[in-house]
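S.K.: What follows is a single structure, and I will ask about it in a moment.
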Amino acid sequence: MRGADVLDSLPEVKLNAWIGQRIAIKFSGQIHCRITGRAIRKSYGEGMSFQSWIEHPAAVPSVLRPELSRIHEGIALRDYEWEQKHHNQPHNVYISQTGDFKVGVTRTINRPFRWHDQGAVAAIAIAETPYRQLAGELEVALKEIISDKTNYRKMLANVQPDLSALEDWKEECFEHLGSNYETFFSDEPPEKFKYPVLDYPEKVTSTTLDKVPEIEGTLQGIKGQYFLFDGGRVMNIRRHSGYRVCINVG
């Protein structure tokens with residue numbers, strides 16, 4: 001049997017209260033698989049052991065490549081029940097504004113949290129499909145005209161929402177996809193988001209606990225998966241899933 005995600009049992013922490021305070025994050029040197037809780041030397045797929053990464057349904061190839069999903073046909077790539085619950089569900093194809101504009105796919109139920117997670121300042125739904133594979137098919141087509149990548153350095157700048165540009169992108173996407181997909185097109189307006197940031201870095205310096213086992217500084221803000229410290233240092237918190245740390249605040 002697969003273990004439950006051990007992170008699900010951890011208490012909630014209100015991180016916004018830390019902004020503007022001095023914090024110190026000290027890495028103990030221990031990493032634990034977020035699926036099984038077992039000690040590991042290296043993490044894969046944001047906090048998994050290698051075994052969990054190649055076996056657990058949360059790391060199935062269709063997570064990163066939605067077009068590979070076949071669960072709508074009754075065929076599971078890794079775990080039938082998990083893929084029915086997560087991939088044979090309504091999905092949105094969207095354009096988000098992070099640093100630049102990008103195309104992406106998420107379960108409809110995950111909105112707007114997926115956009116917050118990637119640090120988008122604005123986003124617009126292009127289409128809604130009944131299952132993941134079809135959303136992936138649309139995304140593959142749209143990657144011919146727009147990237148599916150986020151430049152985290154640009155995302156961590158003080159980006160201003162451009163709702164007019166999102167509307168323009170939407171029309172271009174409709175034209176590119178054509179009438180074959182018209183029944184799935186969305187008429188939703190764009191949304192914009194604001195993040196708790198006191199000061200944006202002029203120049204971004206990424207740091208990890210593997211290279212710097214103790215990170216200390218004033219937390220200037222949180223955007224997407226990143227802590228923004230004074231001096232332009234940033235830390236991807238999701239990247240450190242499963243790391244055992246001691247955090248002092250104030």
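Ligands are numbered from 1 in the order shown, chains are lettered A, B, ... in the order of the structure tokens, and residues start at 1 in each chain.
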If you run DSSP on the backbone here, which positions in stretch 4-236 of chain A get strand (DSSP E)? Please write them as a PyMOL selection string.

M.R.: chain A and resi 22-32+39-40+91-97+101-107+122-129+191-192+205-206+214-223+226-229+233-236

S.K.: Let's see if you can do this: from backbone DSSP, list all helix (DSSP H, G or I) residues in stretch 181-242 of chain A, as a ChimeraX atom specification.

M.R.: /A:181-184,230-232,238-240

S.K.: Quick one: write out the picked residues with N, CA and C atoms as an mmCIF file, in the first residue's frame?

M.R.:
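The resulting result.cif:
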data_model
loop_
_atom_site.group_PDB
_atom_site.id
_atom_site.type_symbol
_atom_site.label_atom_id
_atom_site.label_comp_id
_atom_site.auth_asym_id
_atom_site.auth_seq_id
_atom_site.Cartn_x
_atom_site.Cartn_y
_atom_site.Cartn_z
ATOM 1 N N TYR A 181 -12.546 23.189 -31.732
ATOM 2 C CA TYR A 181 -12.561 23.234 -30.266
ATOM 3 C C TYR A 181 -13.512 24.297 -29.722
ATOM 4 N N GLU A 182 -14.286 24.913 -30.587
ATOM 5 C CA GLU A 182 -15.082 26.069 -30.188
ATOM 6 C C GLU A 182 -16.064 25.758 -29.065
ATOM 7 N N THR A 183 -16.571 24.548 -29.032
ATOM 8 C CA THR A 183 -17.557 24.191 -28.011
ATOM 9 C C THR A 183 -16.988 24.265 -26.590
ATOM 10 N N PHE A 184 -15.642 24.229 -26.466
ATOM 11 C CA PHE A 184 -15.003 24.260 -25.152
ATOM 12 C C PHE A 184 -14.531 25.659 -24.744
ATOM 13 N N ASP A 230 15.521 40.246 2.168
ATOM 14 C CA ASP A 230 16.250 41.472 1.871
ATOM 15 C C ASP A 230 17.533 41.139 1.119
ATOM 16 N N GLY A 231 18.023 42.108 0.362
ATOM 17 C CA GLY A 231 19.245 41.901 -0.414
ATOM 18 C C GLY A 231 19.035 41.144 -1.707
ATOM 19 N N GLY A 232 17.776 40.891 -2.080
ATOM 20 C CA GLY A 232 17.506 40.220 -3.347
ATOM 21 C C GLY A 232 17.564 38.704 -3.307
ATOM 22 N N ARG A 238 8.655 25.359 -2.149
ATOM 23 C CA ARG A 238 8.199 24.069 -2.691
ATOM 24 C C ARG A 238 9.384 23.167 -3.028
ATOM 25 N N ARG A 239 10.442 23.747 -3.521
ATOM 26 C CA ARG A 239 11.653 22.991 -3.858
ATOM 27 C C ARG A 239 12.214 22.246 -2.640
ATOM 28 N N HIS A 240 11.908 22.727 -1.428
ATOM 29 C CA HIS A 240 12.454 22.135 -0.206
ATOM 30 C C HIS A 240 11.448 21.264 0.539
#

S.K.: Work out how far apart atom CA of A:Gln97 and atom CA of A:Tyr195 are and give it in Å to one decimal.

M.R.: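 Separation of atom CA of A:Gln97 and atom CA of A:Tyr195: 13.7 Å.
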
S.K.: Measuring atom to atom with only C-alpha atoms, identify which of A:Glu73, A:Glu191, A:Glu83, A:Glu171 is nearest to A:Val121.

M.R.: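 Ranked by minimum distance to A:Val121, first place goes to A:Glu191.
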
S.K.: Name the residues in contact with A:Pro66 at a cut-off of 10 Å, using only C-alpha atoms, excluding same-chain residues fewer than 5 positions from it; report them as a list in words.

M.R.: Val60, Pro61, His87, Gly104, Val105, Thr106, Tyr131, Arg132, Gln133, Leu134, Ala135, Gly136, Glu137, Leu138, Glu139 and Val140 of chain A

S.K.: Rounded to one decimal in Å, what is the spacing between atom CA of A:Gln160 and atom CA of A:Val204?

M.R.: 17.8 Å

S.K.: Please, what distance in Å, to one decimal, runs between atom CA of A:Ile54 and atom CA of A:His32?

M.R.: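 Answer for the atom CA of A:Ile54 to atom CA of A:His32 separation: 16.3 Å.
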
S.K.: Have a look at A:Asn110, A:Thr98, A:Ser164, A:Thr208 and name the one nearest to A:Thr150; count only C-alpha atoms.

M.R.: A:Thr98

S.K.: Which is closest to A:Tyr243 among A:Asp210, A:Asp162, A:Glu175, A:Glu216, if we use only C-alpha atoms?

M.R.: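 Distance minimum relative to A:Tyr243 lands on A:Asp210.
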
S.K.: Select, from A:Leu142, A:Leu64, A:Arg114, A:Ile31, the residue with the minimum atom-to-atom distance to A:His176, counting only C-alpha atoms.

M.R.: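 Nearest to A:His176: A:Leu142.
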